[in-house]
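Input: a single structure, listed below in structure tokens.
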Amino acid sequence: MMRAIKDRQYEQVLNEYDDMVLAGVVPDTLILNCLVEAKAQNQGTQQARETLDLLLSQHPELEPSAQTYAAMMKPCGKDGDMKTAFSLYEEAVAKGLSMHSDLFNTLIVVCTQAKDFEAAENIFNVMREKGVKPKSATYLKYIYASFRLRRADKAYEMLVNMENEWRVPDAREYSRMLSLFKWSDHSEGKLRCLKGLMEDIKVGGSLAGLDNEIVGNLFREAQEKKRPDDVIALAKMLTSAGMKLDRYQQIGVVFANLQLGQAVPAFTTLIGYFDAGHTLTEKARDGISEMLARETTSVDEAYFLLEQRKQDGKPVPLPAVNMIIEACAVMQDLDRAFATWAELETLDLQPNTGTYNALLYTCIRTREIASGRRLLLRLEQDGLTADSTTYGHQCSLMIMGGERDQALKLPEVVREAGLTVSAKMYASLINMCMRNGKHERAQQLLEQMDADKHFISQGLRGRVAGNRSA
């Protein structure tokens with residue numbers, strides 16, 4: 001019968017009791033409570049009351065308990081019937097029954113369902129006055145009832161109280177609440193639950209696979225909704241629990257720190273990223289350099305970090321230096337970019353293709369076309385091989401210098417080198433053709449760009465289609 005109650009098989013409980021009657025079994029208080037709850041859940045509080053009165057008349061030795069009244073009260077939680085619920089509670093008190101947490105827990109559910117949160121919170125005080133200590137389940141009743149009413153704010157407040165009063169949820173409850181706070185888009189709640197899970201990790205091991213997925217989703221959500229504080233808080237929780245951030249989470253932390261104007265933490269994370277042998281996508285590289293370039297002091301602080309690393313006897317990752325030069329390009333600060341290049345030897349480094357690409361980009365941004373051409377020669381003299389980015393910059397220099405026909409030949413050169421023409425090169429050439437009335441050539445380049453599986457914006461497609469129809 002207890003199993004049926006737990007599984008909410010109330011009809012089965014009633015059938016089992018009929019069998020007991022036929023077998024001459026005398027009910028005890030436990031059976032009484034199960035039967036009253038089944039009647040209440042199936043037919044309502046009034047029917048449960050009639051069943052209780054009948055059983056007590058048939059078996060005078062039976063004594064109802066506080067749990068009996070809690071069982072009769074449960075239907076009140078469906079529609080927030082506080083009047084009936086408190087009437088039952090007062091009757092139980094008048095009978096001098098020993099109070100039980102189940103009775104108060106049910107009252108909390110009724111009050112929250114009625115959206116009377118003040119009354120629900122006051123029950124915690126009444127419990128203590130009656131000598132009943134609230135348990136974790138008591139707080140959770142309030143929390144989950146609040147979630148059902150889409151009041152994540154109330155759920156969060158009670159979670160804070162729950163922890164402060166040392167009724168700490170277990171990992172299963174934290175995971176459940178984390179999902180509900182995520183669904184409610186409640187940032188503080190999500191972080192608090194994740195912190196609770198992290199504390200469990202320190203004591204009892206690693207997160208399960210599902211929890212790792214939740215963490216990943218929280219990272220992506222915080223990044224997509226541009227909440228840098230959340231990203232950084234998540235990262236701190238994970239690392240403090242001894243967990244390593246994956247490469248995507250590391251880049252998320254870099255962007256988050258830069259959004260908050262924290263260049264040193266951002267670059268510290270980036271150095272670790274490069275130390276691990278990871279490379280940046282073009283999109284990530286461009287995004288980081290643009291954000292780093294917002295403040296001149298950020299570039300200076302990033303370079304100082306590299307100098308300090310060298311003084312500490314640690315290797316300086318060349319991609320980090322290249323990133324600083326890229327930021328100088330965005331700032332259109334030619335002198336700073338070439339001064340950084342000149343410092344490579346003091347850092348025990350030699351330039352690579354990425355270094356030259358960053359310098360070429362600086363020349364493009366400052367329209368120093370001749371300097372850019374000289375760099376292309378220098379790259380070749382240093383025995384370095386051009387990559388797709390290099391050819392893209394060369395294309396930009398040719399277009400800026402009026403060498404349109406030469407620029408149009410570059411895609412074939414790139415292919416012969418076994419490389420893929422970059423999206424930026426295609427876009428530059430297409431725009432050049434449209435400016436000069438070569439609409440058919442622009443369409444051909446667009447088709448080649450599509451064949452190379454590059455993303456093509458609707459704006460670019462529209463411009464090419466519009467020029468052709470014109």
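Labels for the structure tokens follow display order: chains A, B, ..., residues from 1 in each chain, ligands from 1.
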
Neighbour list for A:Met127 as a JSON list (two decimals) with N, CA and C atoms, in the first residue's frame, cut-off 10 Å, only C-alpha atoms, skip fewer than 3 positions in-chain:
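part.json written:
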```json
[["chain", "number", "residue", "atom", "x", "y", "z"],
["A", 99, "MET", "N", 2.62, 17.67, 16.46],
["A", 99, "MET", "CA", 2.81, 18.27, 15.14],
["A", 99, "MET", "C", 3.91, 17.54, 14.35],
["A", 100, "HIS", "N", 3.75, 17.54, 13.02],
["A", 100, "HIS", "CA", 4.70, 16.86, 12.15],
["A", 100, "HIS", "C", 5.01, 17.76, 10.96],
["A", 101, "SER", "N", 6.22, 17.68, 10.42],
["A", 101, "SER", "CA", 6.61, 18.55, 9.31],
["A", 101, "SER", "C", 5.74, 18.36, 8.08],
["A", 103, "LEU", "N", 2.56, 18.16, 7.86],
["A", 103, "LEU", "CA", 1.42, 19.05, 7.95],
["A", 103, "LEU", "C", 1.80, 20.46, 7.52],
["A", 104, "PHE", "N", 2.94, 20.93, 8.00],
["A", 104, "PHE", "CA", 3.39, 22.28, 7.65],
["A", 104, "PHE", "C", 3.84, 22.36, 6.20],
["A", 105, "ASN", "N", 4.49, 21.31, 5.71],
["A", 105, "ASN", "CA", 4.91, 21.30, 4.31],
["A", 105, "ASN", "C", 3.71, 21.44, 3.38],
["A", 122, "ASN", "N", 5.60, 32.64, 6.72],
["A", 122, "ASN", "CA", 5.29, 32.70, 8.16],
["A", 122, "ASN", "C", 5.17, 31.31, 8.77],
["A", 123, "ILE", "N", 4.85, 30.31, 7.95],
["A", 123, "ILE", "CA", 4.70, 28.95, 8.46],
["A", 123, "ILE", "C", 6.01, 28.43, 9.03],
["A", 124, "PHE", "N", 7.14, 28.90, 8.48],
["A", 124, "PHE", "CA", 8.44, 28.50, 9.02],
["A", 124, "PHE", "C", 8.56, 28.94, 10.48],
["A", 130, "LYS", "N", 5.98, 25.64, 17.33],
["A", 130, "LYS", "CA", 5.37, 24.37, 17.69],
["A", 130, "LYS", "C", 6.40, 23.28, 17.97],
["A", 131, "GLY", "N", 7.68, 23.68, 17.93],
["A", 131, "GLY", "CA", 8.74, 22.71, 18.24],
["A", 131, "GLY", "C", 9.10, 21.78, 17.09],
["A", 132, "VAL", "N", 8.72, 22.17, 15.87],
["A", 132, "VAL", "CA", 9.05, 21.35, 14.69],
["A", 132, "VAL", "C", 10.11, 22.09, 13.88],
["A", 133, "LYS", "N", 11.26, 21.45, 13.65],
["A", 133, "LYS", "CA", 12.33, 22.08, 12.89],
["A", 133, "LYS", "C", 12.10, 21.88, 11.39],
["A", 134, "PRO", "N", 12.11, 22.97, 10.62],
["A", 134, "PRO", "CA", 11.96, 22.80, 9.17],
["A", 134, "PRO", "C", 13.09, 21.92, 8.60]]
```

Among the residues of stretch 35-80 of chain A, find those DSSP assigns to alpha helix (DSSP H) from the backbone and print them as a PDB file with N, CA and C atoms, in the first residue's frame.
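Okay, result-v6.pdb is ready:
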```pdb
ATOM      1  N   LEU A  35      -5.176   5.431   3.342  1.00  0.00           N
ATOM      2  CA  LEU A  35      -6.546   5.408   2.836  1.00  0.00           C
ATOM      3  C   LEU A  35      -7.121   6.826   2.753  1.00  0.00           C
ATOM      4  N   VAL A  36      -6.878   7.625   3.763  1.00  0.00           N
ATOM      5  CA  VAL A  36      -7.374   9.008   3.767  1.00  0.00           C
ATOM      6  C   VAL A  36      -6.744   9.799   2.617  1.00  0.00           C
ATOM      7  N   GLU A  37      -5.442   9.626   2.394  1.00  0.00           N
ATOM      8  CA  GLU A  37      -4.775  10.348   1.303  1.00  0.00           C
ATOM      9  C   GLU A  37      -5.320   9.909  -0.053  1.00  0.00           C
ATOM     10  N   ALA A  38      -5.535   8.600  -0.220  1.00  0.00           N
ATOM     11  CA  ALA A  38      -6.062   8.099  -1.497  1.00  0.00           C
ATOM     12  C   ALA A  38      -7.449   8.684  -1.763  1.00  0.00           C
ATOM     13  N   LYS A  39      -8.291   8.704  -0.730  1.00  0.00           N
ATOM     14  CA  LYS A  39      -9.629   9.270  -0.874  1.00  0.00           C
ATOM     15  C   LYS A  39      -9.553  10.769  -1.200  1.00  0.00           C
ATOM     16  N   ALA A  40      -8.669  11.458  -0.506  1.00  0.00           N
ATOM     17  CA  ALA A  40      -8.528  12.901  -0.712  1.00  0.00           C
ATOM     18  C   ALA A  40      -8.075  13.206  -2.135  1.00  0.00           C
ATOM     19  N   GLN A  41      -7.075  12.477  -2.597  1.00  0.00           N
ATOM     20  CA  GLN A  41      -6.537  12.741  -3.921  1.00  0.00           C
ATOM     21  C   GLN A  41      -7.497  12.321  -5.023  1.00  0.00           C
ATOM     22  N   ASN A  42      -8.285  11.274  -4.755  1.00  0.00           N
ATOM     23  CA  ASN A  42      -9.209  10.765  -5.777  1.00  0.00           C
ATOM     24  C   ASN A  42     -10.533  11.527  -5.786  1.00  0.00           C
ATOM     25  N   GLN A  43     -11.034  11.840  -4.591  1.00  0.00           N
ATOM     26  CA  GLN A  43     -12.401  12.366  -4.513  1.00  0.00           C
ATOM     27  C   GLN A  43     -12.526  13.684  -3.752  1.00  0.00           C
ATOM     28  N   THR A  45     -11.282  16.509  -0.353  1.00  0.00           N
ATOM     29  CA  THR A  45     -11.127  16.582   1.101  1.00  0.00           C
ATOM     30  C   THR A  45     -12.393  16.119   1.838  1.00  0.00           C
ATOM     31  N   GLN A  46     -13.561  16.496   1.342  1.00  0.00           N
ATOM     32  CA  GLN A  46     -14.796  16.137   2.037  1.00  0.00           C
ATOM     33  C   GLN A  46     -14.987  14.626   2.088  1.00  0.00           C
ATOM     34  N   GLN A  47     -14.735  13.942   0.963  1.00  0.00           N
ATOM     35  CA  GLN A  47     -14.843  12.485   0.938  1.00  0.00           C
ATOM     36  C   GLN A  47     -13.818  11.848   1.878  1.00  0.00           C
ATOM     37  N   ALA A  48     -12.629  12.445   1.941  1.00  0.00           N
ATOM     38  CA  ALA A  48     -11.600  11.924   2.847  1.00  0.00           C
ATOM     39  C   ALA A  48     -12.047  12.075   4.301  1.00  0.00           C
ATOM     40  N   ARG A  49     -12.682  13.228   4.590  1.00  0.00           N
ATOM     41  CA  ARG A  49     -13.198  13.461   5.943  1.00  0.00           C
ATOM     42  C   ARG A  49     -14.245  12.403   6.315  1.00  0.00           C
ATOM     43  N   GLU A  50     -15.152  12.105   5.397  1.00  0.00           N
ATOM     44  CA  GLU A  50     -16.187  11.104   5.663  1.00  0.00           C
ATOM     45  C   GLU A  50     -15.577   9.721   5.877  1.00  0.00           C
ATOM     46  N   THR A  51     -14.558   9.404   5.098  1.00  0.00           N
ATOM     47  CA  THR A  51     -13.866   8.115   5.256  1.00  0.00           C
ATOM     48  C   THR A  51     -13.195   8.037   6.619  1.00  0.00           C
ATOM     49  N   LEU A  52     -12.565   9.128   7.038  1.00  0.00           N
ATOM     50  CA  LEU A  52     -11.900   9.168   8.347  1.00  0.00           C
ATOM     51  C   LEU A  52     -12.925   8.942   9.465  1.00  0.00           C
ATOM     52  N   ASP A  53     -14.042   9.672   9.398  1.00  0.00           N
ATOM     53  CA  ASP A  53     -15.068   9.534  10.435  1.00  0.00           C
ATOM     54  C   ASP A  53     -15.610   8.106  10.491  1.00  0.00           C
ATOM     55  N   LEU A  54     -15.793   7.500   9.310  1.00  0.00           N
ATOM     56  CA  LEU A  54     -16.302   6.135   9.253  1.00  0.00           C
ATOM     57  C   LEU A  54     -15.325   5.151   9.890  1.00  0.00           C
ATOM     58  N   LEU A  55     -14.059   5.278   9.540  1.00  0.00           N
ATOM     59  CA  LEU A  55     -13.037   4.372  10.080  1.00  0.00           C
ATOM     60  C   LEU A  55     -12.896   4.527  11.590  1.00  0.00           C
ATOM     61  N   LEU A  56     -12.961   5.754  12.074  1.00  0.00           N
ATOM     62  CA  LEU A  56     -12.839   5.982  13.518  1.00  0.00           C
ATOM     63  C   LEU A  56     -14.031   5.410  14.275  1.00  0.00           C
ATOM     64  N   SER A  57     -15.214   5.437  13.642  1.00  0.00           N
ATOM     65  CA  SER A  57     -16.394   4.857  14.289  1.00  0.00           C
ATOM     66  C   SER A  57     -16.331   3.328  14.288  1.00  0.00           C
ATOM     67  N   GLN A  58     -15.733   2.770  13.232  1.00  0.00           N
ATOM     68  CA  GLN A  58     -15.614   1.314  13.130  1.00  0.00           C
ATOM     69  C   GLN A  58     -14.484   0.772  14.001  1.00  0.00           C
ATOM     70  N   ALA A  66      -1.058  13.913  12.944  1.00  0.00           N
ATOM     71  CA  ALA A  66      -0.890  15.137  12.147  1.00  0.00           C
ATOM     72  C   ALA A  66      -0.767  14.791  10.666  1.00  0.00           C
ATOM     73  N   GLN A  67      -0.148  13.619  10.365  1.00  0.00           N
ATOM     74  CA  GLN A  67      -0.020  13.193   8.969  1.00  0.00           C
ATOM     75  C   GLN A  67      -1.380  12.889   8.352  1.00  0.00           C
ATOM     76  N   THR A  68      -2.344  12.439   9.178  1.00  0.00           N
ATOM     77  CA  THR A  68      -3.696  12.191   8.688  1.00  0.00           C
ATOM     78  C   THR A  68      -4.305  13.487   8.172  1.00  0.00           C
ATOM     79  N   TYR A  69      -4.128  14.558   8.934  1.00  0.00           N
ATOM     80  CA  TYR A  69      -4.674  15.845   8.526  1.00  0.00           C
ATOM     81  C   TYR A  69      -3.906  16.414   7.328  1.00  0.00           C
ATOM     82  N   ALA A  70      -2.626  16.118   7.269  1.00  0.00           N
ATOM     83  CA  ALA A  70      -1.846  16.542   6.099  1.00  0.00           C
ATOM     84  C   ALA A  70      -2.365  15.849   4.848  1.00  0.00           C
ATOM     85  N   ALA A  71      -2.723  14.544   4.984  1.00  0.00           N
ATOM     86  CA  ALA A  71      -3.263  13.787   3.853  1.00  0.00           C
ATOM     87  C   ALA A  71      -4.589  14.384   3.383  1.00  0.00           C
ATOM     88  N   MET A  72      -5.473  14.741   4.325  1.00  0.00           N
ATOM     89  CA  MET A  72      -6.758  15.345   3.957  1.00  0.00           C
ATOM     90  C   MET A  72      -6.570  16.717   3.309  1.00  0.00           C
ATOM     91  N   MET A  73      -5.496  17.392   3.678  1.00  0.00           N
ATOM     92  CA  MET A  73      -5.245  18.750   3.219  1.00  0.00           C
ATOM     93  C   MET A  73      -4.695  18.811   1.789  1.00  0.00           C
ATOM     94  N   CYS A  76      -6.178  20.648  -1.251  1.00  0.00           N
ATOM     95  CA  CYS A  76      -6.237  22.109  -1.137  1.00  0.00           C
ATOM     96  C   CYS A  76      -5.085  22.770  -1.882  1.00  0.00           C
ATOM     97  N   GLY A  77      -4.003  22.004  -2.074  1.00  0.00           N
ATOM     98  CA  GLY A  77      -2.844  22.554  -2.765  1.00  0.00           C
ATOM     99  C   GLY A  77      -3.068  22.741  -4.247  1.00  0.00           C
ATOM    100  N   LYS A  78      -4.101  22.087  -4.789  1.00  0.00           N
ATOM    101  CA  LYS A  78      -4.350  22.204  -6.228  1.00  0.00           C
ATOM    102  C   LYS A  78      -4.936  23.556  -6.601  1.00  0.00           C
ATOM    103  N   ASP A  79      -5.793  24.095  -5.738  1.00  0.00           N
ATOM    104  CA  ASP A  79      -6.430  25.381  -6.049  1.00  0.00           C
ATOM    105  C   ASP A  79      -6.158  26.452  -4.986  1.00  0.00           C
TER     106      ASP A  79
END
```

In Å, with one decimal, what is the gap from atom CA of A:Ala23 to atom CA of A:Gln9?
21.3 Å

Residues near A:Thr390, anyone? I mean within 7 Å using only C-alpha atoms, not counting same-chain ones fewer than 4 positions away, as a PyMOL selection string.
chain A and resi 357+386+394

Near A:Asp333, counting only C-alpha atoms, which residues have an atom at most 8 Å away, once you skip same-chain residues fewer than 5 positions from it, shown as a list in words?
Cys328, Thr362 and Thr366 of chain A

Using only C-alpha atoms, determine which residues lie at most 8 Å from A:Ala145, disregarding the query and same-chain residues fewer than 2 positions distant; provide the list as a PDB file with C-alpha atoms, in the first residue's frame.
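Result went into selection_19.pdb, see below:
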```pdb
ATOM      1  CA  VAL A 109       2.194  24.272  -0.788  1.00  0.00           C
ATOM      2  CA  THR A 112       2.144  29.343  -2.359  1.00  0.00           C
ATOM      3  CA  GLN A 113      -0.491  27.996  -4.725  1.00  0.00           C
ATOM      4  CA  LYS A 141       8.223  22.504  -1.087  1.00  0.00           C
ATOM      5  CA  TYR A 142       8.210  26.305  -1.131  1.00  0.00           C
ATOM      6  CA  ILE A 143      10.866  26.484  -3.865  1.00  0.00           C
ATOM      7  CA  PHE A 147       8.685  27.583  -9.773  1.00  0.00           C
ATOM      8  CA  ARG A 148       5.249  26.230 -10.718  1.00  0.00           C
ATOM      9  CA  LEU A 149       3.915  29.772 -10.365  1.00  0.00           C
TER      10      LEU A 149
END
```
